file final_26.txt (compact mmCIF, C-alpha atoms)
# COMPACT_ATOMS: atom_id res chain seq x y z
CA MET A 21 0.00 0.00 0.00
CA THR A 22 1.90 3.07 -1.14
CA GLU A 23 -0.82 5.14 -2.83
CA ILE A 24 -3.08 7.13 -0.51
CA VAL A 25 -5.49 9.98 -1.11
CA LEU A 26 -5.29 12.78 1.47
CA ALA A 27 -8.84 13.87 2.28
CA SER A 28 -7.96 17.49 2.96
CA ASN A 29 -7.99 20.91 1.31
CA ASN A 30 -5.76 22.39 4.02
CA ALA A 31 -2.42 23.28 2.41
CA GLY A 32 -0.58 23.37 5.76
CA LYS A 33 -1.85 19.94 6.75
CA ILE A 34 -0.97 18.46 3.34
CA LYS A 35 2.56 19.86 3.55
CA GLU A 36 3.10 18.24 6.94
CA LEU A 37 1.63 14.89 5.91
CA LYS A 38 3.90 14.81 2.84
CA ALA A 39 6.95 15.40 5.04
CA LEU A 40 5.74 12.73 7.49
CA LEU A 41 5.05 10.09 4.81
CA PRO A 42 7.97 10.33 2.35
CA ALA A 43 7.70 6.67 1.32
CA PHE A 44 4.10 7.05 0.10
CA HIS A 45 2.62 8.33 -3.10
CA LEU A 46 0.13 10.86 -1.75
CA LEU A 47 -2.69 12.05 -3.98
CA SER A 48 -4.50 15.33 -3.43
CA LEU A 49 -8.23 15.86 -3.81
CA LYS A 50 -7.39 17.78 -6.97
CA ASP A 51 -5.53 14.71 -8.31
CA ILE A 52 -8.68 12.62 -8.00
CA GLY A 53 -10.97 15.37 -9.36
CA PHE A 54 -12.81 16.11 -6.11
CA ASP A 55 -13.43 19.84 -5.74
CA LEU A 56 -16.08 20.20 -3.03
CA GLU A 57 -15.75 21.20 0.62
CA ILE A 58 -15.72 18.14 2.87
CA PRO A 59 -18.15 18.47 5.79
CA GLU A 60 -17.04 18.18 9.45
CA PRO A 61 -20.47 18.03 11.08
CA PHE A 62 -19.78 16.01 14.24
CA GLU A 63 -18.81 16.67 17.84
CA THR A 64 -15.86 14.25 17.94
CA PHE A 65 -12.60 14.21 15.99
CA GLU A 66 -13.12 10.51 15.28
CA GLU A 67 -16.52 10.96 13.61
CA ASN A 68 -15.32 13.93 11.56
CA ALA A 69 -12.16 12.12 10.42
CA LYS A 70 -14.18 9.05 9.46
CA GLU A 71 -16.79 11.14 7.63
CA LYS A 72 -14.12 12.90 5.58
CA ALA A 73 -12.33 9.65 4.77
CA LYS A 74 -15.58 7.85 3.89
CA THR A 75 -16.73 10.67 1.59
CA ILE A 76 -13.51 10.44 -0.41
CA PHE A 77 -13.32 6.64 -0.34
CA GLU A 78 -16.82 6.43 -1.76
CA PHE A 79 -15.89 8.99 -4.41
CA CYS A 80 -12.70 7.29 -5.67
CA GLY A 81 -12.46 3.79 -4.17
CA LYS A 82 -8.78 4.29 -3.27
CA ASN A 83 -7.07 4.11 0.13
CA VAL A 84 -7.79 7.34 2.00
CA LEU A 85 -6.21 9.17 4.91
CA ALA A 86 -8.19 11.88 6.72
CA ASP A 87 -7.05 13.97 9.68
CA ASP A 88 -9.38 15.77 12.03
CA SER A 89 -7.56 17.82 14.59
CA GLY A 90 -7.95 20.75 16.91
CA LEU A 91 -6.81 22.63 19.94
CA CYS A 92 -8.31 21.86 23.36
CA VAL A 93 -7.74 24.60 25.96
CA SER A 94 -8.08 23.67 29.64
CA ALA A 95 -9.33 27.08 30.82
CA LEU A 96 -11.99 26.94 28.07
CA ASN A 97 -13.19 23.45 29.04
CA GLY A 98 -11.64 21.91 25.95
CA SER A 99 -12.77 24.54 23.42
CA PRO A 100 -12.33 25.22 20.56
CA GLY A 101 -11.83 21.42 20.08
CA VAL A 102 -13.69 20.10 17.03
CA HIS A 103 -14.72 23.69 16.28
CA SER A 104 -11.09 24.84 15.91
CA ALA A 105 -11.30 25.49 12.17
CA TYR A 106 -14.22 27.92 12.34
CA TYR A 107 -13.79 29.28 15.88
CA GLY A 108 -13.45 32.84 14.55
CA GLY A 109 -16.39 32.42 12.15
CA HIS A 110 -16.85 31.79 8.42
CA PRO A 111 -15.04 31.87 6.08
CA ARG A 112 -12.22 29.96 7.74
CA SER A 113 -9.31 32.17 8.77
CA ASP A 114 -6.30 31.31 10.92
CA GLU A 115 -5.95 34.97 11.84
CA LYS A 116 -9.55 35.30 13.04
CA ASN A 117 -9.30 31.99 14.91
CA ASN A 118 -6.13 33.07 16.73
CA LEU A 119 -7.70 36.41 17.62
CA GLN A 120 -10.80 34.68 18.95
CA LEU A 121 -8.65 32.42 21.13
CA LEU A 122 -6.66 35.34 22.53
CA THR A 123 -9.91 37.15 23.33
CA ALA A 124 -11.36 34.09 25.06
CA LEU A 125 -8.21 33.68 27.18
CA LYS A 126 -7.64 37.36 27.90
CA GLY A 127 -6.47 37.88 31.49
CA ASN A 128 -6.31 34.15 32.17
CA ILE A 129 -2.93 33.01 33.54
CA ASN A 130 -3.75 29.33 32.99
CA ARG A 131 -2.77 28.90 29.29
CA GLU A 132 -2.62 25.08 29.26
CA ALA A 133 -3.70 23.45 26.02
CA ASN A 134 -3.31 20.31 23.99
CA TYR A 135 -3.37 19.83 20.27
CA LYS A 136 -5.13 16.62 19.28
CA ALA A 137 -5.18 14.78 15.96
CA ILE A 138 -7.18 11.77 14.88
CA ILE A 139 -6.04 10.15 11.66
CA CYS A 140 -8.50 7.84 9.92
CA LEU A 141 -7.22 5.26 7.43
CA TYR A 142 -10.12 4.15 5.24
CA ARG A 143 -9.56 1.15 2.95
CA LYS A 144 -11.71 -1.60 1.54
CA GLU A 145 -9.99 -3.89 4.11
CA GLY A 146 -11.37 -1.76 6.93
CA VAL A 147 -11.21 1.48 8.89
CA HIS A 148 -8.53 2.34 11.46
CA PHE A 149 -7.89 5.31 13.73
CA PHE A 150 -4.60 6.70 15.07
CA GLU A 151 -4.45 9.34 17.79
CA GLY A 152 -1.79 11.85 18.75
CA THR A 153 -1.72 14.65 21.33
CA CYS A 154 0.78 17.37 22.13
CA GLN A 155 0.70 19.31 25.39
CA GLY A 156 1.60 22.98 25.38
CA THR A 157 0.89 26.54 26.33
CA ILE A 158 -0.97 29.39 24.58
CA LEU A 159 1.02 32.62 24.35
CA GLU A 160 -0.47 36.11 24.80
CA ALA A 161 0.56 37.13 21.26
CA PRO A 162 1.44 35.22 18.07
CA GLN A 163 5.08 34.37 17.23
CA GLY A 164 6.41 32.98 13.95
CA ASN A 165 5.23 32.55 10.38
CA ALA A 166 5.52 28.83 9.68
CA GLY A 167 2.86 26.18 10.33
CA PHE A 168 -0.86 26.88 10.25
CA GLY A 169 -3.92 27.02 12.51
CA TYR A 170 -3.06 28.01 16.08
CA ASP A 171 0.66 27.29 15.62
CA PRO A 172 1.79 30.93 16.18
CA LEU A 173 0.24 30.79 19.68
CA PHE A 174 1.15 27.23 20.65
CA VAL A 175 4.42 26.47 22.47
CA PRO A 176 4.90 22.73 23.02
CA ASN A 177 5.99 21.77 26.54
CA GLY A 178 9.75 21.80 26.93
CA PHE A 179 10.32 24.41 24.22
CA THR A 180 10.35 28.20 24.13
CA GLN A 181 9.41 28.55 20.46
CA THR A 182 5.96 28.17 18.93
CA PHE A 183 5.03 25.59 16.29
CA ALA A 184 5.19 28.53 13.85
CA GLU A 185 8.85 29.13 14.80
CA LEU A 186 10.24 25.60 15.19
CA PRO A 187 11.62 23.93 12.04
CA LEU A 188 9.07 21.58 10.45
CA GLU A 189 11.23 18.52 11.15
CA VAL A 190 11.17 19.43 14.86
CA LYS A 191 7.42 20.14 14.87
CA ASN A 192 6.74 16.86 13.10
CA LYS A 193 8.62 14.89 15.77
CA LEU A 194 6.67 16.50 18.61
CA SER A 195 3.29 17.26 17.17
CA HIS A 196 -0.09 15.60 17.63
CA ARG A 197 -0.11 14.85 13.87
CA GLY A 198 3.45 13.48 13.92
CA LYS A 199 2.61 11.15 16.80
CA ALA A 200 -0.57 9.92 15.12
CA ILE A 201 1.34 9.26 11.89
CA GLU A 202 4.02 7.33 13.82
CA LYS A 203 1.25 5.01 15.03
CA LEU A 204 -0.12 4.67 11.50
CA LYS A 205 3.33 3.75 10.19
CA ALA A 206 3.85 1.17 12.94
CA PHE A 207 0.46 -0.34 12.07
CA LEU A 208 1.26 -0.50 8.34
CA ASP A 209 4.71 -1.98 9.03
CA LYS A 210 3.13 -4.81 11.02
CA ALA A 211 0.34 -5.44 8.51
CA MET B 14 1.93 18.72 66.27
CA THR B 15 1.99 22.42 65.44
CA GLU B 16 5.59 23.38 66.24
CA ILE B 17 8.18 22.50 63.59
CA VAL B 18 11.75 23.63 63.04
CA LEU B 19 12.61 24.42 59.41
CA ALA B 20 16.06 23.03 58.69
CA SER B 21 17.02 25.71 56.20
CA ASN B 22 18.99 28.93 55.92
CA ASN B 23 17.44 29.74 52.53
CA ALA B 24 15.27 32.84 52.96
CA GLY B 25 13.26 32.15 49.79
CA LYS B 26 12.50 28.60 50.84
CA ILE B 27 11.50 29.69 54.36
CA LYS B 28 9.15 32.35 52.97
CA GLU B 29 7.39 29.74 50.80
CA LEU B 30 7.11 27.18 53.56
CA LYS B 31 5.59 29.77 55.90
CA ALA B 32 2.95 30.61 53.28
CA LEU B 33 2.29 26.90 52.70
CA LEU B 34 1.96 26.03 56.39
CA PRO B 35 -0.05 28.87 57.96
CA ALA B 36 -1.51 26.64 60.69
CA PHE B 37 1.92 25.73 62.06
CA HIS B 38 4.29 27.50 64.39
CA LEU B 39 7.47 27.38 62.36
CA LEU B 40 10.80 27.91 64.05
CA SER B 41 13.91 29.05 62.22
CA LEU B 42 17.40 27.78 62.83
CA LYS B 43 18.10 31.11 64.46
CA ASP B 44 15.18 30.54 66.86
CA ILE B 45 16.80 27.32 68.11
CA GLY B 46 20.30 28.81 68.20
CA PHE B 47 21.79 26.80 65.34
CA ASP B 48 24.13 28.95 63.28
CA LEU B 49 26.19 26.55 61.16
CA GLU B 50 25.88 25.61 57.49
CA ILE B 51 24.00 22.34 57.07
CA PRO B 52 25.82 19.92 54.76
CA GLU B 53 24.18 18.44 51.62
CA PRO B 54 26.80 15.82 50.80
CA PHE B 55 24.76 13.15 49.01
CA GLU B 56 23.74 12.30 45.44
CA THR B 57 20.00 12.01 46.13
CA PHE B 58 17.47 14.57 47.35
CA GLU B 59 16.18 12.03 49.88
CA GLU B 60 19.54 11.50 51.57
CA ASN B 61 20.29 15.21 51.68
CA ALA B 62 16.85 16.07 53.09
CA LYS B 63 17.20 13.38 55.73
CA GLU B 64 20.73 14.47 56.64
CA LYS B 65 19.62 18.06 57.14
CA ALA B 66 16.58 17.05 59.19
CA LYS B 67 18.59 14.60 61.30
CA THR B 68 21.31 17.16 62.03
CA ILE B 69 18.73 19.60 63.38
CA PHE B 70 16.66 16.97 65.19
CA GLU B 71 19.76 15.78 67.02
CA PHE B 72 20.63 19.38 67.89
CA CYS B 73 17.24 20.39 69.34
CA GLY B 74 15.06 17.28 69.76
CA LYS B 75 12.06 19.03 68.20
CA ASN B 76 10.00 18.07 65.14
CA VAL B 77 11.95 19.07 62.03
CA LEU B 78 11.09 19.70 58.40
CA ALA B 79 13.87 19.73 55.79
CA ASP B 80 13.53 20.30 52.07
CA ASP B 81 16.08 19.25 49.49
CA SER B 82 15.18 20.35 46.02
CA GLY B 83 16.64 21.07 42.64
CA LEU B 84 16.15 21.46 38.94
CA CYS B 85 16.56 18.46 36.62
CA VAL B 86 17.06 19.39 32.96
CA SER B 87 16.35 16.75 30.33
CA ALA B 88 18.94 17.95 27.80
CA LEU B 89 21.56 17.88 30.59
CA ASN B 90 20.70 14.33 31.67
CA GLY B 91 19.07 15.54 34.86
CA SER B 92 21.70 18.12 35.88
CA PRO B 93 22.07 20.23 37.93
CA GLY B 94 19.82 18.03 40.14
CA VAL B 95 21.18 17.69 43.67
CA HIS B 96 23.96 20.09 42.70
CA SER B 97 21.50 22.89 41.91
CA ALA B 98 22.53 25.11 44.82
CA TYR B 99 26.21 25.30 43.88
CA TYR B 100 26.02 24.70 40.10
CA GLY B 101 27.71 28.07 39.43
CA GLY B 102 30.36 27.48 42.11
CA HIS B 103 30.99 28.67 45.68
CA PRO B 104 29.82 30.80 47.38
CA ARG B 105 26.21 30.04 46.50
CA SER B 106 24.68 32.55 44.10
CA ASP B 107 21.36 32.36 42.25
CA GLU B 108 22.76 34.68 39.58
CA LYS B 109 25.82 32.50 38.92
CA ASN B 110 23.68 29.35 38.93
CA ASN B 111 21.26 30.80 36.37
CA LEU B 112 24.12 31.94 34.17
CA GLN B 113 25.73 28.51 34.36
CA LEU B 114 22.44 26.89 33.31
CA LEU B 115 21.99 29.25 30.36
CA THR B 116 25.55 28.51 29.24
CA ALA B 117 25.02 24.76 29.50
CA LEU B 118 21.81 24.99 27.42
CA LYS B 119 23.05 27.54 24.90
CA GLY B 120 21.79 26.71 21.41
CA ASN B 121 19.69 23.80 22.66
CA ILE B 122 16.03 24.00 21.57
CA ASN B 123 14.99 21.25 23.99
CA ARG B 124 14.47 23.26 27.23
CA GLU B 125 12.45 20.66 29.15
CA ALA B 126 13.02 20.57 32.89
CA ASN B 127 11.44 19.55 36.13
CA TYR B 128 11.78 21.02 39.57
CA LYS B 129 11.82 18.37 42.26
CA ALA B 130 11.42 18.68 46.02
CA ILE B 131 11.80 16.09 48.73
CA ILE B 132 10.48 17.12 52.13
CA CYS B 133 11.66 15.12 55.13
CA LEU B 134 9.66 15.16 58.34
CA TYR B 135 11.89 14.02 61.19
CA ARG B 136 10.25 13.30 64.56
CA LYS B 137 10.90 11.00 67.45
CA GLU B 138 7.94 8.95 66.14
CA GLY B 139 9.78 8.35 62.87
CA VAL B 140 10.96 9.77 59.57
CA HIS B 141 8.74 10.43 56.54
CA PHE B 142 9.35 11.74 53.02
CA PHE B 143 7.04 13.70 50.72
CA GLU B 144 7.83 14.29 47.05
CA GLY B 145 6.66 16.91 44.59
CA THR B 146 7.63 17.65 40.99
CA CYS B 147 6.73 20.42 38.59
CA GLN B 148 7.30 20.12 34.83
CA GLY B 149 8.34 23.18 32.89
CA THR B 150 10.60 24.90 30.40
CA ILE B 151 13.86 26.85 30.75
CA LEU B 152 13.81 30.26 29.05
CA GLU B 153 16.76 31.77 27.15
CA ALA B 154 16.90 34.77 29.52
CA PRO B 155 15.66 35.44 33.06
CA GLN B 156 12.25 37.07 33.67
CA GLY B 157 10.90 38.38 36.98
CA ASN B 158 12.21 39.25 40.41
CA ALA B 159 10.21 37.11 42.83
CA GLY B 160 11.06 33.59 43.97
CA PHE B 161 14.61 32.28 44.24
CA GLY B 162 16.95 29.72 42.68
CA TYR B 163 16.20 29.07 39.01
CA ASP B 164 12.74 30.65 39.23
CA PRO B 165 13.50 33.51 36.76
CA LEU B 166 14.25 30.90 34.07
CA PHE B 167 11.54 28.35 34.88
CA VAL B 168 8.11 28.54 33.23
CA PRO B 169 5.76 25.84 34.55
CA ASN B 170 3.82 23.96 31.86
CA GLY B 171 0.56 25.65 30.97
CA PHE B 172 1.79 29.13 31.91
CA THR B 173 3.66 31.87 30.09
CA GLN B 174 5.17 33.48 33.19
CA THR B 175 8.16 32.26 35.19
CA PHE B 176 8.05 31.28 38.86
CA ALA B 177 9.73 34.66 39.46
CA GLU B 178 6.76 36.44 37.82
CA LEU B 179 3.76 34.44 39.02
CA PRO B 180 2.21 35.50 42.36
CA LEU B 181 3.44 33.36 45.26
CA GLU B 182 -0.04 31.93 45.86
CA VAL B 183 -0.07 30.67 42.26
CA LYS B 184 3.48 29.32 42.45
CA ASN B 185 2.69 27.53 45.69
CA LYS B 186 -0.28 25.74 44.11
CA LEU B 187 1.78 24.50 41.16
CA SER B 188 5.24 24.06 42.52
CA HIS B 189 7.24 20.98 43.44
CA ARG B 190 7.43 22.31 47.02
CA GLY B 191 3.69 23.08 47.13
CA LYS B 192 2.82 19.58 45.97
CA ALA B 193 5.17 17.95 48.49
CA ILE B 194 3.69 20.06 51.31
CA GLU B 195 0.17 19.05 50.21
CA LYS B 196 1.19 15.42 50.73
CA LEU B 197 2.71 16.26 54.11
CA LYS B 198 -0.53 17.98 55.19
CA ALA B 199 -2.65 15.04 54.06
CA PHE B 200 -0.37 12.72 56.04
CA LEU B 201 -0.61 14.85 59.19
CA ASP B 202 -4.40 15.16 58.84
CA LYS B 203 -4.74 11.39 58.76
CA ALA B 204 -2.31 10.77 61.64
call {"tool": "encode", "arguments": {"input": "final_26.txt", "output": "structure tokens"}}
result
Amino acid sequence: MTEIVLASNNAGKIKELKALLPAFHLLSLKDIGFDLEIPEPFETFEENAKEKAKTIFEFCGKNVLADDSGLCVSALNGSPGVHSAYYGGHPRSDEKNNLQLLTALKGNINREANYKAIICLYRKEGVHFFEGTCQGTILEAPQGNAGFGYDPLFVPNGFTQTFAELPLEVKNKLSHRGKAIEKLKAFLDKA
Amino acid sequence: MTEIVLASNNAGKIKELKALLPAFHLLSLKDIGFDLEIPEPFETFEENAKEKAKTIFEFCGKNVLADDSGLCVSALNGSPGVHSAYYGGHPRSDEKNNLQLLTALKGNINREANYKAIICLYRKEGVHFFEGTCQGTILEAPQGNAGFGYDPLFVPNGFTQTFAELPLEVKNKLSHRGKAIEKLKAFLDKA
């Protein structure tokens, strides 16, 4: 199994997955001729990841990988969570999302958060899920230009730089997505 | 048991312990007429804490509390650890210690560390130990003027301020020493 369709329109996510899966031939939604928005209607990462993967699998019949991920902030009882992508409203905007998060946390000294990713592998042989989390802290102001999503505000535990400042190879070793992909690789190696 | 001698000459440590143990009558080494340096000759926090407590117990016969604590940095294989107090050389200086730590970590992006405290309660009824740890990150430059030791460089996980910036009541809830004292209090409540 080396050919997989990535069920995502998020350029930042696709870039990371390509770096994390160098041995695979990854197809984009454009490559398979799918040009719609994929819905994320559910209240769990698992259901959203599965829905995205299923939609694409049913469209093309190939092996599919979907990632649903988000930021869970302790002082906000786990928000924005599955609503991370549209936390600042529609249309989707990293800048608005980050601003919304800073507003929600304003004056709060507890900045504890975790990034969570659920990867769904959808094949005719079956459906599998791989989870990764990364603990960190939300800054009071954005730092760095790399990455995407809440990366300019998120400092992983043990580091002083945000995910938008750390080199991608460092982020990919630490990140929720990197950890989930490690589990996927271990699963595929055993299979 | 409300009267306890604190086996320490460290003003910062004494200040914290007084705030953490408001229901106790805490005696200083000066109060009991002990005016020597207490040795910390061992390679574990437990042995050092016990040695300090034992020295004072044998001097005065009263209930004694001793705290041996230090900073363990992942990228330095756990150093300075039990050598935290004199890491920058003799005589003891927080400034020299902090500078030594920054030098040792220079250019290292992995800044993961944990503060560890072992509290030893030494009484004629027996000897008990209470442990507390606090995970955090070492900054590239000091921030804040409160606290002591490596506090200006240590940001506890989930926060953006150092232990030298956070209010003492916040530090005491999070800190290695605060957690160890919580265990001590629970033990004394049950006894």
call {"tool": "interface_residues", "arguments": {"input": "final_26.txt", "of": "chain B", "to": "chain A", "cutoff": "7 Å", "atoms": "only C-alpha atoms", "output": "number ranges by chain"}}
result
B: 122-126, 149-150, 152, 170-173
call {"tool": "residues_around", "arguments": {"input": "final_26.txt", "residues": "stretch 195-203 of chain B", "least_positions_apart": "3", "cutoff": "9 Å", "atoms": "only C-alpha atoms", "output": "NGL selection string"}}
result
:B and (14 or 33-34 or 132 or 134 or 141-145 or 190-192)
call {"tool": "calpha_fit_and_write", "arguments": {"input": "final_26.txt", "fixed": "chain A", "moving": "chain B", "output": "compact mmCIF listing (two decimals) with C-alpha atoms, in the coordinates of the input"}}
result
# COMPACT_ATOMS: atom_id res chain seq x y z
CA MET B 14 -0.01 -0.01 0.00
CA THR B 15 1.91 3.05 -1.14
CA GLU B 16 -0.81 5.13 -2.83
CA ILE B 17 -3.07 7.12 -0.50
CA VAL B 18 -5.48 9.98 -1.11
CA LEU B 19 -5.29 12.77 1.48
CA ALA B 20 -8.83 13.87 2.29
CA SER B 21 -7.95 17.49 2.94
CA ASN B 22 -7.98 20.89 1.29
CA ASN B 23 -5.76 22.38 4.01
CA ALA B 24 -2.42 23.28 2.41
CA GLY B 25 -0.59 23.37 5.76
CA LYS B 26 -1.86 19.95 6.74
CA ILE B 27 -0.98 18.47 3.33
CA LYS B 28 2.56 19.88 3.54
CA GLU B 29 3.08 18.23 6.95
CA LEU B 30 1.64 14.90 5.90
CA LYS B 31 3.89 14.81 2.83
CA ALA B 32 6.94 15.39 5.03
CA LEU B 33 5.74 12.72 7.47
CA LEU B 34 5.05 10.10 4.80
CA PRO B 35 7.96 10.33 2.33
CA ALA B 36 7.70 6.66 1.32
CA PHE B 37 4.11 7.05 0.11
CA HIS B 38 2.63 8.33 -3.11
CA LEU B 39 0.15 10.84 -1.77
CA LEU B 40 -2.68 12.04 -3.97
CA SER B 41 -4.50 15.31 -3.42
CA LEU B 42 -8.20 15.85 -3.81
CA LYS B 43 -7.38 17.75 -6.97
CA ASP B 44 -5.52 14.69 -8.31
CA ILE B 45 -8.69 12.59 -8.01
CA GLY B 46 -10.95 15.35 -9.34
CA PHE B 47 -12.81 16.09 -6.11
CA ASP B 48 -13.44 19.81 -5.76
CA LEU B 49 -16.09 20.19 -3.05
CA GLU B 50 -15.75 21.20 0.60
CA ILE B 51 -15.72 18.15 2.86
CA PRO B 52 -18.14 18.49 5.78
CA GLU B 53 -17.02 18.18 9.44
CA PRO B 54 -20.45 18.04 11.07
CA PHE B 55 -19.78 16.02 14.22
CA GLU B 56 -18.81 16.68 17.85
CA THR B 57 -15.86 14.27 17.94
CA PHE B 58 -12.60 14.21 15.99
CA GLU B 59 -13.13 10.51 15.28
CA GLU B 60 -16.51 10.97 13.61
CA ASN B 61 -15.32 13.92 11.56
CA ALA B 62 -12.16 12.11 10.43
CA LYS B 63 -14.18 9.06 9.46
CA GLU B 64 -16.79 11.15 7.62
CA LYS B 65 -14.12 12.89 5.57
CA ALA B 66 -12.33 9.64 4.76
CA LYS B 67 -15.57 7.85 3.89
CA THR B 68 -16.73 10.66 1.59
CA ILE B 69 -13.50 10.43 -0.40
CA PHE B 70 -13.31 6.63 -0.34
CA GLU B 71 -16.82 6.42 -1.76
CA PHE B 72 -15.89 8.98 -4.42
CA CYS B 73 -12.70 7.28 -5.68
CA GLY B 74 -12.45 3.78 -4.17
CA LYS B 75 -8.79 4.30 -3.27
CA ASN B 76 -7.06 4.11 0.12
CA VAL B 77 -7.78 7.34 2.00
CA LEU B 78 -6.20 9.17 4.91
CA ALA B 79 -8.18 11.88 6.73
CA ASP B 80 -7.06 13.96 9.67
CA ASP B 81 -9.39 15.77 12.03
CA SER B 82 -7.56 17.83 14.58
CA GLY B 83 -7.96 20.75 16.90
CA LEU B 84 -6.81 22.63 19.94
CA CYS B 85 -8.32 21.86 23.36
CA VAL B 86 -7.74 24.59 25.95
CA SER B 87 -8.07 23.67 29.62
CA ALA B 88 -9.32 27.08 30.81
CA LEU B 89 -12.00 26.94 28.08
CA ASN B 90 -13.19 23.46 29.05
CA GLY B 91 -11.66 21.92 25.95
CA SER B 92 -12.77 24.55 23.42
CA PRO B 93 -12.33 25.21 20.56
CA GLY B 94 -11.83 21.43 20.09
CA VAL B 95 -13.67 20.11 17.05
CA HIS B 96 -14.71 23.68 16.28
CA SER B 97 -11.10 24.83 15.91
CA ALA B 98 -11.29 25.48 12.17
CA TYR B 99 -14.21 27.91 12.35
CA TYR B 100 -13.79 29.28 15.91
CA GLY B 101 -13.46 32.84 14.56
CA GLY B 102 -16.41 32.41 12.17
CA HIS B 103 -16.87 31.79 8.44
CA PRO B 104 -15.06 31.88 6.09
CA ARG B 105 -12.22 29.97 7.75
CA SER B 106 -9.32 32.18 8.77
CA ASP B 107 -6.30 31.31 10.93
CA GLU B 108 -5.95 34.99 11.85
CA LYS B 109 -9.56 35.30 13.06
CA ASN B 110 -9.30 31.99 14.93
CA ASN B 111 -6.14 33.08 16.75
CA LEU B 112 -7.69 36.41 17.65
CA GLN B 113 -10.81 34.69 18.96
CA LEU B 114 -8.65 32.42 21.14
CA LEU B 115 -6.66 35.34 22.55
CA THR B 116 -9.91 37.15 23.36
CA ALA B 117 -11.36 34.09 25.08
CA LEU B 118 -8.20 33.69 27.21
CA LYS B 119 -7.62 37.37 27.92
CA GLY B 120 -6.45 37.89 31.50
CA ASN B 121 -6.29 34.16 32.18
CA ILE B 122 -2.91 33.02 33.54
CA ASN B 123 -3.74 29.34 33.00
CA ARG B 124 -2.77 28.90 29.30
CA GLU B 125 -2.62 25.09 29.25
CA ALA B 126 -3.69 23.45 26.01
CA ASN B 127 -3.33 20.32 23.98
CA TYR B 128 -3.38 19.82 20.25
CA LYS B 129 -5.13 16.62 19.27
CA ALA B 130 -5.18 14.77 15.96
CA ILE B 131 -7.20 11.78 14.87
CA ILE B 132 -6.05 10.16 11.65
CA CYS B 133 -8.49 7.83 9.91
CA LEU B 134 -7.23 5.26 7.43
CA TYR B 135 -10.12 4.15 5.24
CA ARG B 136 -9.57 1.14 2.95
CA LYS B 137 -11.69 -1.60 1.53
CA GLU B 138 -10.00 -3.88 4.10
CA GLY B 139 -11.39 -1.76 6.93
CA VAL B 140 -11.21 1.48 8.87
CA HIS B 141 -8.54 2.35 11.46
CA PHE B 142 -7.90 5.33 13.73
CA PHE B 143 -4.61 6.71 15.05
CA GLU B 144 -4.46 9.35 17.78
CA GLY B 145 -1.79 11.85 18.75
CA THR B 146 -1.73 14.65 21.32
CA CYS B 147 0.77 17.36 22.12
CA GLN B 148 0.69 19.31 25.40
CA GLY B 149 1.61 22.96 25.39
CA THR B 150 0.90 26.55 26.33
CA ILE B 151 -0.97 29.39 24.59
CA LEU B 152 1.02 32.63 24.35
CA GLU B 153 -0.47 36.11 24.80
CA ALA B 154 0.56 37.13 21.26
CA PRO B 155 1.44 35.23 18.08
CA GLN B 156 5.08 34.38 17.24
CA GLY B 157 6.40 32.99 13.95
CA ASN B 158 5.22 32.55 10.40
CA ALA B 159 5.51 28.83 9.68
CA GLY B 160 2.86 26.19 10.34
CA PHE B 161 -0.87 26.90 10.24
CA GLY B 162 -3.92 27.03 12.51
CA TYR B 163 -3.06 28.02 16.08
CA ASP B 164 0.65 27.30 15.61
CA PRO B 165 1.79 30.94 16.19
CA LEU B 166 0.23 30.80 19.68
CA PHE B 167 1.16 27.24 20.65
CA VAL B 168 4.43 26.48 22.46
CA PRO B 169 4.89 22.74 23.02
CA ASN B 170 6.01 21.77 26.53
CA GLY B 171 9.76 21.79 26.93
CA PHE B 172 10.31 24.40 24.21
CA THR B 173 10.35 28.19 24.13
CA GLN B 174 9.41 28.54 20.46
CA THR B 175 5.95 28.17 18.93
CA PHE B 176 5.02 25.59 16.29
CA ALA B 177 5.19 28.53 13.85
CA GLU B 178 8.85 29.13 14.80
CA LEU B 179 10.24 25.61 15.20
CA PRO B 180 11.61 23.93 12.04
CA LEU B 181 9.07 21.58 10.45
CA GLU B 182 11.24 18.53 11.15
CA VAL B 183 11.16 19.42 14.86
CA LYS B 184 7.43 20.13 14.86
CA ASN B 185 6.74 16.86 13.10
CA LYS B 186 8.61 14.89 15.77
CA LEU B 187 6.66 16.51 18.61
CA SER B 188 3.29 17.25 17.16
CA HIS B 189 -0.09 15.60 17.62
CA ARG B 190 -0.11 14.86 13.87
CA GLY B 191 3.45 13.48 13.94
CA LYS B 192 2.62 11.14 16.80
CA ALA B 193 -0.57 9.91 15.11
CA ILE B 194 1.34 9.26 11.87
CA GLU B 195 4.00 7.34 13.82
CA LYS B 196 1.24 5.01 15.03
CA LEU B 197 -0.13 4.68 11.51
CA LYS B 198 3.34 3.75 10.20
CA ALA B 199 3.85 1.17 12.93
CA PHE B 200 0.46 -0.33 12.07
CA LEU B 201 1.26 -0.50 8.35
CA ASP B 202 4.71 -2.00 9.04
CA LYS B 203 3.13 -4.80 11.03
CA ALA B 204 0.32 -5.47 8.53
call {"tool": "atom_distance", "arguments": {"input": "final_26.txt", "atom1": "atom CA of A:Tyr106", "atom2": "atom CA of A:Val25"}}
result
24.1 Å
call {"tool": "residues_around", "arguments": {"input": "final_26.txt", "residues": "A:Glu36", "least_positions_apart": "3", "cutoff": "12 Å", "atoms": "only C-alpha atoms", "output": "list of chain:residue names"}}
result
A:Leu26, A:Ser28, A:Asn30, A:Ala31, A:Gly32, A:Lys33, A:Ala39, A:Leu40, A:Leu41, A:Pro42, A:Leu46, A:Asp87, A:Ala166, A:Gly167, A:Phe168, A:Pro187, A:Leu188, A:Glu189, A:Val190, A:Lys191, A:Asn192, A:Lys193, A:Ser195, A:His196, A:Arg197, A:Gly198, A:Ile201
